[in-house]
Protein chains: 2
Amino acid sequence: MVVLFVAITKVFAEDGYRLWLRYDPINNPGLLKEYKAAIQSLYLEKTTPTLTVAKTELLTATRGLLSVTLNSTSNVNANGTLILGTPAGSKLIASLKLDEQLATVGPEGYVIITATIKTKQCTIIAANNDVGVLYGTFHFIRLLQTHEHVTSLAIQSAPRIKYRILNHWDNLDRTVERGYAGFSLWDWHKLPDYIDPRYLDYARANASVGINGSVVTNVNANAQALTPQYLSKVAALADVFRPYGIRIYLTARFSAPVEIGGLKTADPLDAEVKEWWKKKVAEIYTYVPDFGGFVVKANSEGQPGPQSYQRSHADGANMLAEALGPYRGIVMWRAFVYDNNVPEDRAKQAYNEFKPLDGKFLTNVLVQVKNGPIDFQPREPFHPLFGAMPSTPLMMEFQLTQEYLGYATHLAYLAPLFKECLDSDTYAKGKGSFVSKVIDGSLEGHKASGMAGVANIGNDRNWCGHPIAQSNWYSFARLAWNPDLSAEEIANEWVRMTYNNEKEVVQTLSRIMMDSREAVVNYMTPLGLHHIMGWDHHYGPAPWIKDKPRADWTSVYYHQADNAAIGFDRTSKGSNALSQYSPEVQRIYEQLENCPEEYLLWVHHVPWDHKMKSGKTLWEELCGHYYNGAESVRKMQIAWNTLQGKIDEDRFRQVRSLLSIQYKEAIWWRNACVLYFQTFSKKDLPVGFEKPDKTLEYYQSLEFRFAPGIRPRW
Amino acid sequence: MVVLFVAITKVFAEDGYRLWLRYDPINNPGLLKEYKAAIQSLYLEKTTPTLTVAKTELLTATRGLLSVTLNSTSNVNANGTLILGTPAGSKLIASLKLDEQLATVGPEGYVIITATIKTKQCTIIAANNDVGVLYGTFHFIRLLQTHEHVTSLAIQSAPRIKYRILNHWDNLDRTVERGYAGFSLWDWHKLPDYIDPRYLDYARANASVGINGSVVTNVNANAQALTPQYLSKVAALADVFRPYGIRIYLTARFSAPVEIGGLKTADPLDAEVKEWWKKKVAEIYTYVPDFGGFVVKANSEGQPGPQSYQRSHADGANMLAEALGPYRGIVMWRAFVYDNNVPEDRAKQAYNEFKPLDGKFLTNVLVQVKNGPIDFQPREPFHPLFGAMPSTPLMMEFQLTQEYLGYATHLAYLAPLFKECLDSDTYAKGKGSFVSKVIDGSLEGHKASGMAGVANIGNDRNWCGHPIAQSNWYSFARLAWNPDLSAEEIANEWVRMTYNNEKEVVQTLSRIMMDSREAVVNYMTPLGLHHIMGWDHHYGPAPWIKDKPRADWTSVYYHQADNAAIGFDRTSKGSNALSQYSPEVQRIYEQLENCPEEYLLWVHHVPWDHKMKSGKTLWEELCGHYYNGAESVRKMQIAWNTLQGKIDEDRFRQVRSLLSIQYKEAIWWRNACVLYFQTFSKKDLPVGFEKPDKTLEYYQSLEFRFAPGIRPRW
């Protein structure tokens, strides 16, 4: 029979489709024995769509992991009974006196405890609502997948953040803006009648990590999505997602009343416009009774918005919030805005526009703020709005898709980037006022809280293009559940679930992942450099970009390199963007001498000869970072190669190929940037640094007409 | 261990990825015993890339089908030895005196014979070249998959057609023109360094059915594909395809010398232009030493061509052929042309332009002709060029992607359509001058022969969008190998390989497939109607299309309905398109009374009261066909539902959903067309026919902005 097993596994390649829910047989005999003893039958009193999902997942997981078929039982008459339910849905659970514990875990949390019931050893997964039972079930399965003991459990878990949401920048024609994993999952043409089985696997994967919302349309919105033709399709997706605890959201095109409503204006204070949105929202709820609400990108990058009618962002957001309020829907209003005029400092604009509006938003509005003030760069300081709008719930917007971190060909584990932001101290209410506390609402006592991730998911078989990029989906979700988890522990559990539990695999791959984002920073934008990538498609290095329609769409605007110095002066002597932060934060960055070097050129215009902490000049240090970055990729390659034979050959080869692309591109970034900045510094490369084998002109000549992730242009 | 098996199969859904190469264990004990006895070890003297592919496939197939691991042997010392090779590569094969048999099968054919060697029962798969061995290997595996006996084999097989080619209408941005199975397989951005494992499975699948060429770019061509940046990517694909006997071809944008060459003209008689193409072709061969050649769409639908410079199609084709000649590359010059002026009858244009050029093409030019004179309609008569250009090798162009047959949501097995054309008698050289004999070169003794299929393949997990649409890829290839196969036998073997060998499954599904194309004809374009679909995207019915830039892009141009009659008069009293056919063919169609009714409105303008063979009026008969068409889909649904539990649940559900869409859309076609034509006939629906539940105005109001398969338009 072993032959049969080989035959089956061979016919199905390990193509990454199964994500972190692989459920391959556990090969540790001791653990297997423990698990089999602890998990013998399933006790479930009630059947609901969500509990059925939990049950099915448990059956699938135990069949895969333990090679057993779990029996259902209606009595606790043997050891190893797994009891699932809520006090309302299960008399047994109600009888267990879990009230106190359950009171602390809220509507989505759960408890998992080992208990003796009628002399039998049982495991209880209990929650206040079915979705909590589902989350607890996935937690329990994760324990098995990561080889944890399950014989004396006393777990309580509840999400710190209320809205844990994926934003899909997916267009109705299935192109994906900034998508590098194929095209959109949503096959709008075949909806509503054809339900791609993949929608279910998408929902499963999200539920397994606690994602509870999905914005299925692009923030650069198309009003067609709000027409009945599309709402029936949205409803079909919502029906698929519902049992998994996932609500569907749409992006609202602000000019929809004009475009599909036939009105002459979209002025948010116009009575007809208000009425139109109220009716539209009412209509949406007939299709999707638990519709989540809208995300809006307004007055930004050409999108229409309230400012087109001399109204404020609050006017626009509140109009929609009023329409959604009766249904408990929310508005997520993005703070990523551009003035029509190029500002003195692009980094300051969101703060300038939104800070004065604090307190003016209705209670069902959240303002969605990108982690940094520029745009999802490999490294940015935290956004100055965090801590600056105490009366407004601020949502975090992270970007999982690697628009600026090498597309889906670069291995870049982003949890360290997320954590760097979440753990930043805003000092808004004194020391310890971390961004995470702004986001989870605890700093100011907001009930609404949210974290959005711009999805890196497409119809590539492995979901995210790069096998390791799945970890960014995973880690985003885990941090949305609990921002205090460390990047290391998330990497560790993801590797165990997605590859295997072998110590060498876990250690080696976790190490590669943990080092990867800093490698990208080094070969792309070290020392606080930012926004020096290719024009429009954002692929590859292009620090030479200038003379575009807006100065703040160029690279030279951001690096400010000249023969004397490099960097954007945001101190009190420059744009004074620092003034948007708390005095304590300003103090950290204001003085060139004290400024943390990883942000140096983000804050200061620094002479090429400036002496760095290492004793080297800025020029030498800059070159050092670029060369180290490329070298780090070579080290990642060496480390990866040690995994051959220890993980499946399919994914081993894929990542090996991708790392070789990454190494080429790291050299490309390094050479192009060093050669370009050298035209200002007029200095030689430090001794011993390999000379670029191509000229600056060569790098400047490269064109990429069909780079993915942009709207096709014919 | 059975539990383990269930676990594994459950974790991997039957998602259609494996196509007809599924290799699941054979569950017939008698056959299994026979096969295991006949296949015990593998004898292979030489290792080449292609023979390695053959060996790997045999190992995979026997491991899956028979649950055995085939041993390699270097001696024939036991029964059940499988001997693979060519006389040149194997001393044993050379010693077997197969010269006579091998002489008849040519460069790509093979023999499979049971023989006794040194008293041992052996099976020999021999060919003149490695690729023949590979084809023979797949044939042998097919015998196992379809439960044929293998103990006394005496098979000789050789392809009747030399160039068996898929045309991918894939753009460099991965959109696919007329593609309904997701987006392009070719991930150009990640090429050449990242080889998607799917490229290998694509090559395997093609080799298994004898496809030996792939045109990877759209006929609406982009000159960028000929730049070094893309040629290095093309080379990487060619390297993947080579061991599978597949040569790569590109589409040549006629104006490339201007667009990427910097020349002022693309005039094919200009010396600089000729020189440019010669250099470009030489350059291509440095990347792809076995490059196949070019497909060209010139002076058609806005594409540039020689006529832009007052030169003929022959001038254009010969210029490219001259450049390719030294490398044995070919030009496939498409006959699908449009004059800039709307012709009296679009059906006549290709003939008018190409017939006079017969004999003027160089020998490495093939003229590629669509099966019918209009454009891949559900039913068309054969193209009048077949048989009309005796001095020119004509290639067949079939469309596998269902541009006009319901996209990937309608079940439409196309082999009957292909066969209808191939089996048509042109009478070019008297009775029996079948299209198939024009195409395979035998009618006029051409050495070059070809058949192209516009691929229905995309990055959908199941390759073709609809699980059953895989059969169109399969049957096209099988007919390119042997145009005399019947649609029934191909359906039969495909079902056995792709689903299972249960009699009820084979019979039921084959029956559904065999009836499906006629159903589509009936609910879309019965009785010879054609080209009455939605504007531009070609989705759904729209017989009302008129007033467009060109008359021959409208529907009213083709159906010519008025209050008295309907149909396009192509007889001698009308456009006389019939005159382009042989007198014998003309005679069949010229008289309204004798004209085969399935082509009636293609040839005649027929009064609504015309008495049909059934005794009904034309109007009644037309309605009858429309209603029967929709009813056929309902019958397909009923038949399909009987397969529940007899095939895998995954694909069962998918097809069930798709059939329900097909039924809705069949009703839509029926209602919209009947209501529209009723505005001319002014007649009631025949008694007993269910009245459409929507108005004509409703159907006319429907809009589909994001129908798939067109270039996204923002």
# chains A, B, ... in the order shown; residues from 1 in each chain; ligands from 1
$ select_by_dssp --residues "segment 311-364 of chain A" --states "alpha helix (DSSP H)" --output "list in words"
His313, Ala314, Asp315, Gly316, Ala317, Asn318, Met319, Leu320, Ala321, Glu322, Ala323, Leu324, Gln349, Ala350, Tyr351, Asn352, Glu353 and Phe354 of chain A
$ write_last_selection --atoms "C-alpha atoms" --output "PDB file, in the first residue's frame"
ATOM      1  CA  HIS A 313     -14.017  64.189   3.545  1.00  0.00           C
ATOM      2  CA  ALA A 314     -16.237  64.136   6.628  1.00  0.00           C
ATOM      3  CA  ASP A 315     -19.197  65.364   4.596  1.00  0.00           C
ATOM      4  CA  GLY A 316     -18.659  62.572   2.117  1.00  0.00           C
ATOM      5  CA  ALA A 317     -18.072  59.848   4.666  1.00  0.00           C
ATOM      6  CA  ASN A 318     -20.995  60.880   6.846  1.00  0.00           C
ATOM      7  CA  MET A 319     -23.430  60.867   3.954  1.00  0.00           C
ATOM      8  CA  LEU A 320     -22.602  57.218   3.276  1.00  0.00           C
ATOM      9  CA  ALA A 321     -22.489  56.417   6.972  1.00  0.00           C
ATOM     10  CA  GLU A 322     -25.998  57.777   7.383  1.00  0.00           C
ATOM     11  CA  ALA A 323     -27.253  55.491   4.657  1.00  0.00           C
ATOM     12  CA  LEU A 324     -25.473  52.477   6.166  1.00  0.00           C
ATOM     13  CA  GLN A 349      -0.856  65.813   3.124  1.00  0.00           C
ATOM     14  CA  ALA A 350      -3.044  63.194   4.802  1.00  0.00           C
ATOM     15  CA  TYR A 351      -2.408  64.704   8.203  1.00  0.00           C
ATOM     16  CA  ASN A 352      -3.092  68.216   6.957  1.00  0.00           C
ATOM     17  CA  GLU A 353      -6.408  67.181   5.487  1.00  0.00           C
ATOM     18  CA  PHE A 354      -7.653  64.779   8.124  1.00  0.00           C
TER      19      PHE A 354
END
$ residues_around --residues "Arg379 of chain A" --least-positions-apart "6" --cutoff "9 Å" --atoms "only C-alpha atoms" --output "list in words"
Gly372, Leu417, Glu518, Val521, Thr525, Pro526, Gly528, Leu529, His530, Glu598 and Tyr599 of chain A
$ residues_around --residues "segment 121-126 of chain A" --least-positions-apart "3" --cutoff "8 Å" --atoms "only C-alpha atoms" --output "VMD selection string"
chain A and resid 38 78 to 87 93 102 110 to 117 132 to 133 136 to 137 153
$ closest_residue --among "B:Gly688, B:Ala266, B:Ala347, B:Gln229" --to "Phe568 of chain B" --atoms "only C-alpha atoms"
B:Ala347
$ atom_distance --atom1 "atom CA of Thr151 of chain B" --atom2 "atom CA of Ser95 of chain B"
21.6 Å
$ decode --residues "segment 11-52 of chain B" --atoms "N, CA and C atoms" --output "mmCIF file, in the first residue's frame"
data_model
loop_
_atom_site.group_PDB
_atom_site.id
_atom_site.type_symbol
_atom_site.label_atom_id
_atom_site.label_comp_id
_atom_site.auth_asym_id
_atom_site.auth_seq_id
_atom_site.Cartn_x
_atom_site.Cartn_y
_atom_site.Cartn_z
ATOM 1 N N VAL B 11 -8.220 15.362 0.243
ATOM 2 C CA VAL B 11 -7.508 16.627 0.358
ATOM 3 C C VAL B 11 -7.279 17.244 -1.021
ATOM 4 N N PHE B 12 -7.067 16.411 -2.015
ATOM 5 C CA PHE B 12 -6.928 16.919 -3.377
ATOM 6 C C PHE B 12 -8.269 16.792 -4.102
ATOM 7 N N ALA B 13 -8.899 17.896 -4.373
ATOM 8 C CA ALA B 13 -10.163 17.846 -5.107
ATOM 9 C C ALA B 13 -9.906 17.424 -6.546
ATOM 10 N N GLU B 14 -10.914 16.836 -7.147
ATOM 11 C CA GLU B 14 -10.835 16.441 -8.555
ATOM 12 C C GLU B 14 -11.150 17.696 -9.352
ATOM 13 N N ASP B 15 -10.130 18.495 -9.569
ATOM 14 C CA ASP B 15 -10.380 19.827 -10.116
ATOM 15 C C ASP B 15 -10.175 19.916 -11.624
ATOM 16 N N GLY B 16 -9.919 18.781 -12.267
ATOM 17 C CA GLY B 16 -9.795 18.794 -13.715
ATOM 18 C C GLY B 16 -8.401 19.109 -14.221
ATOM 19 N N TYR B 17 -7.491 19.398 -13.317
ATOM 20 C CA TYR B 17 -6.140 19.774 -13.760
ATOM 21 C C TYR B 17 -5.471 18.637 -14.533
ATOM 22 N N ARG B 18 -5.780 17.400 -14.163
ATOM 23 C CA ARG B 18 -5.052 16.268 -14.752
ATOM 24 C C ARG B 18 -5.523 15.903 -16.156
ATOM 25 N N LEU B 19 -6.520 16.594 -16.644
ATOM 26 C CA LEU B 19 -7.009 16.361 -17.999
ATOM 27 C C LEU B 19 -7.337 14.882 -18.221
ATOM 28 N N TRP B 20 -6.925 14.368 -19.368
ATOM 29 C CA TRP B 20 -7.194 12.958 -19.700
ATOM 30 C C TRP B 20 -6.024 12.064 -19.271
ATOM 31 N N LEU B 21 -5.111 12.618 -18.500
ATOM 32 C CA LEU B 21 -3.952 11.830 -18.059
ATOM 33 C C LEU B 21 -4.053 11.576 -16.555
ATOM 34 N N ARG B 22 -5.162 10.995 -16.133
ATOM 35 C CA ARG B 22 -5.449 10.913 -14.705
ATOM 36 C C ARG B 22 -4.768 9.748 -13.987
ATOM 37 N N TYR B 23 -4.669 8.618 -14.647
ATOM 38 C CA TYR B 23 -3.903 7.492 -14.098
ATOM 39 C C TYR B 23 -4.361 7.043 -12.719
ATOM 40 N N ASP B 24 -5.650 7.101 -12.445
ATOM 41 C CA ASP B 24 -6.134 6.547 -11.189
ATOM 42 C C ASP B 24 -6.131 5.015 -11.274
ATOM 43 N N PRO B 25 -6.031 4.336 -10.136
ATOM 44 C CA PRO B 25 -5.908 2.873 -10.144
ATOM 45 C C PRO B 25 -7.041 2.186 -10.925
ATOM 46 N N ILE B 26 -6.671 1.218 -11.710
ATOM 47 C CA ILE B 26 -7.649 0.417 -12.449
ATOM 48 C C ILE B 26 -8.317 -0.551 -11.470
ATOM 49 N N ASN B 27 -9.633 -0.546 -11.465
ATOM 50 C CA ASN B 27 -10.326 -1.347 -10.460
ATOM 51 C C ASN B 27 -10.950 -2.632 -11.022
ATOM 52 N N ASN B 28 -10.575 -2.996 -12.246
ATOM 53 C CA ASN B 28 -11.043 -4.250 -12.829
ATOM 54 C C ASN B 28 -9.954 -5.301 -12.602
ATOM 55 N N PRO B 29 -10.220 -6.287 -11.699
ATOM 56 C CA PRO B 29 -9.153 -7.217 -11.289
ATOM 57 C C PRO B 29 -8.587 -8.031 -12.459
ATOM 58 N N GLY B 30 -9.448 -8.410 -13.390
ATOM 59 C CA GLY B 30 -8.980 -9.224 -14.518
ATOM 60 C C GLY B 30 -8.011 -8.444 -15.382
ATOM 61 N N LEU B 31 -8.408 -7.233 -15.715
ATOM 62 C CA LEU B 31 -7.551 -6.403 -16.542
ATOM 63 C C LEU B 31 -6.245 -6.078 -15.824
ATOM 64 N N LEU B 32 -6.391 -5.770 -14.557
ATOM 65 C CA LEU B 32 -5.213 -5.408 -13.779
ATOM 66 C C LEU B 32 -4.196 -6.543 -13.826
ATOM 67 N N LYS B 33 -4.693 -7.745 -13.718
ATOM 68 C CA LYS B 33 -3.824 -8.920 -13.760
ATOM 69 C C LYS B 33 -3.135 -9.017 -15.133
ATOM 70 N N GLU B 34 -3.926 -8.829 -16.167
ATOM 71 C CA GLU B 34 -3.365 -8.883 -17.521
ATOM 72 C C GLU B 34 -2.275 -7.825 -17.693
ATOM 73 N N TYR B 35 -2.590 -6.622 -17.267
ATOM 74 C CA TYR B 35 -1.646 -5.522 -17.453
ATOM 75 C C TYR B 35 -0.364 -5.737 -16.652
ATOM 76 N N LYS B 36 -0.539 -6.195 -15.419
ATOM 77 C CA LYS B 36 0.647 -6.393 -14.577
ATOM 78 C C LYS B 36 1.548 -7.483 -15.153
ATOM 79 N N ALA B 37 0.903 -8.474 -15.758
ATOM 80 C CA ALA B 37 1.707 -9.537 -16.372
ATOM 81 C C ALA B 37 2.432 -9.010 -17.606
ATOM 82 N N ALA B 38 1.760 -8.179 -18.341
ATOM 83 C CA ALA B 38 2.328 -7.705 -19.614
ATOM 84 C C ALA B 38 3.355 -6.601 -19.414
ATOM 85 N N ILE B 39 3.301 -5.964 -18.267
ATOM 86 C CA ILE B 39 4.168 -4.796 -18.044
ATOM 87 C C ILE B 39 4.937 -4.993 -16.751
ATOM 88 N N GLN B 40 6.110 -5.537 -16.890
ATOM 89 C CA GLN B 40 6.878 -5.815 -15.674
ATOM 90 C C GLN B 40 8.183 -5.053 -15.616
ATOM 91 N N SER B 41 8.764 -4.828 -16.758
ATOM 92 C CA SER B 41 10.022 -4.084 -16.725
ATOM 93 C C SER B 41 10.181 -3.299 -18.024
ATOM 94 N N LEU B 42 11.103 -2.371 -17.962
ATOM 95 C CA LEU B 42 11.265 -1.426 -19.062
ATOM 96 C C LEU B 42 12.675 -1.544 -19.619
ATOM 97 N N TYR B 43 12.734 -1.744 -20.934
ATOM 98 C CA TYR B 43 14.029 -1.873 -21.598
ATOM 99 C C TYR B 43 14.246 -0.660 -22.496
ATOM 100 N N LEU B 44 15.292 0.082 -22.207
ATOM 101 C CA LEU B 44 15.558 1.320 -22.930
ATOM 102 C C LEU B 44 17.067 1.458 -23.005
ATOM 103 N N GLU B 45 17.619 1.476 -24.226
ATOM 104 C CA GLU B 45 19.085 1.446 -24.321
ATOM 105 C C GLU B 45 19.731 2.803 -24.174
ATOM 106 N N LYS B 46 18.992 3.811 -24.602
ATOM 107 C CA LYS B 46 19.630 5.125 -24.736
ATOM 108 C C LYS B 46 18.833 6.146 -23.937
ATOM 109 N N THR B 47 19.516 7.174 -23.499
ATOM 110 C CA THR B 47 18.813 8.239 -22.804
ATOM 111 C C THR B 47 18.887 9.522 -23.623
ATOM 112 N N THR B 48 17.748 10.022 -23.995
ATOM 113 C CA THR B 48 17.676 11.332 -24.647
ATOM 114 C C THR B 48 16.579 12.093 -23.921
ATOM 115 N N PRO B 49 16.526 13.411 -24.078
ATOM 116 C CA PRO B 49 15.460 14.147 -23.389
ATOM 117 C C PRO B 49 14.076 13.601 -23.720
ATOM 118 N N THR B 50 13.823 13.292 -24.983
ATOM 119 C CA THR B 50 12.493 12.817 -25.353
ATOM 120 C C THR B 50 12.224 11.414 -24.821
ATOM 121 N N LEU B 51 13.226 10.547 -24.882
ATOM 122 C CA LEU B 51 13.023 9.194 -24.332
ATOM 123 C C LEU B 51 12.871 9.241 -22.815
ATOM 124 N N THR B 52 13.518 10.187 -22.186
ATOM 125 C CA THR B 52 13.344 10.341 -20.741
ATOM 126 C C THR B 52 11.920 10.748 -20.404
#
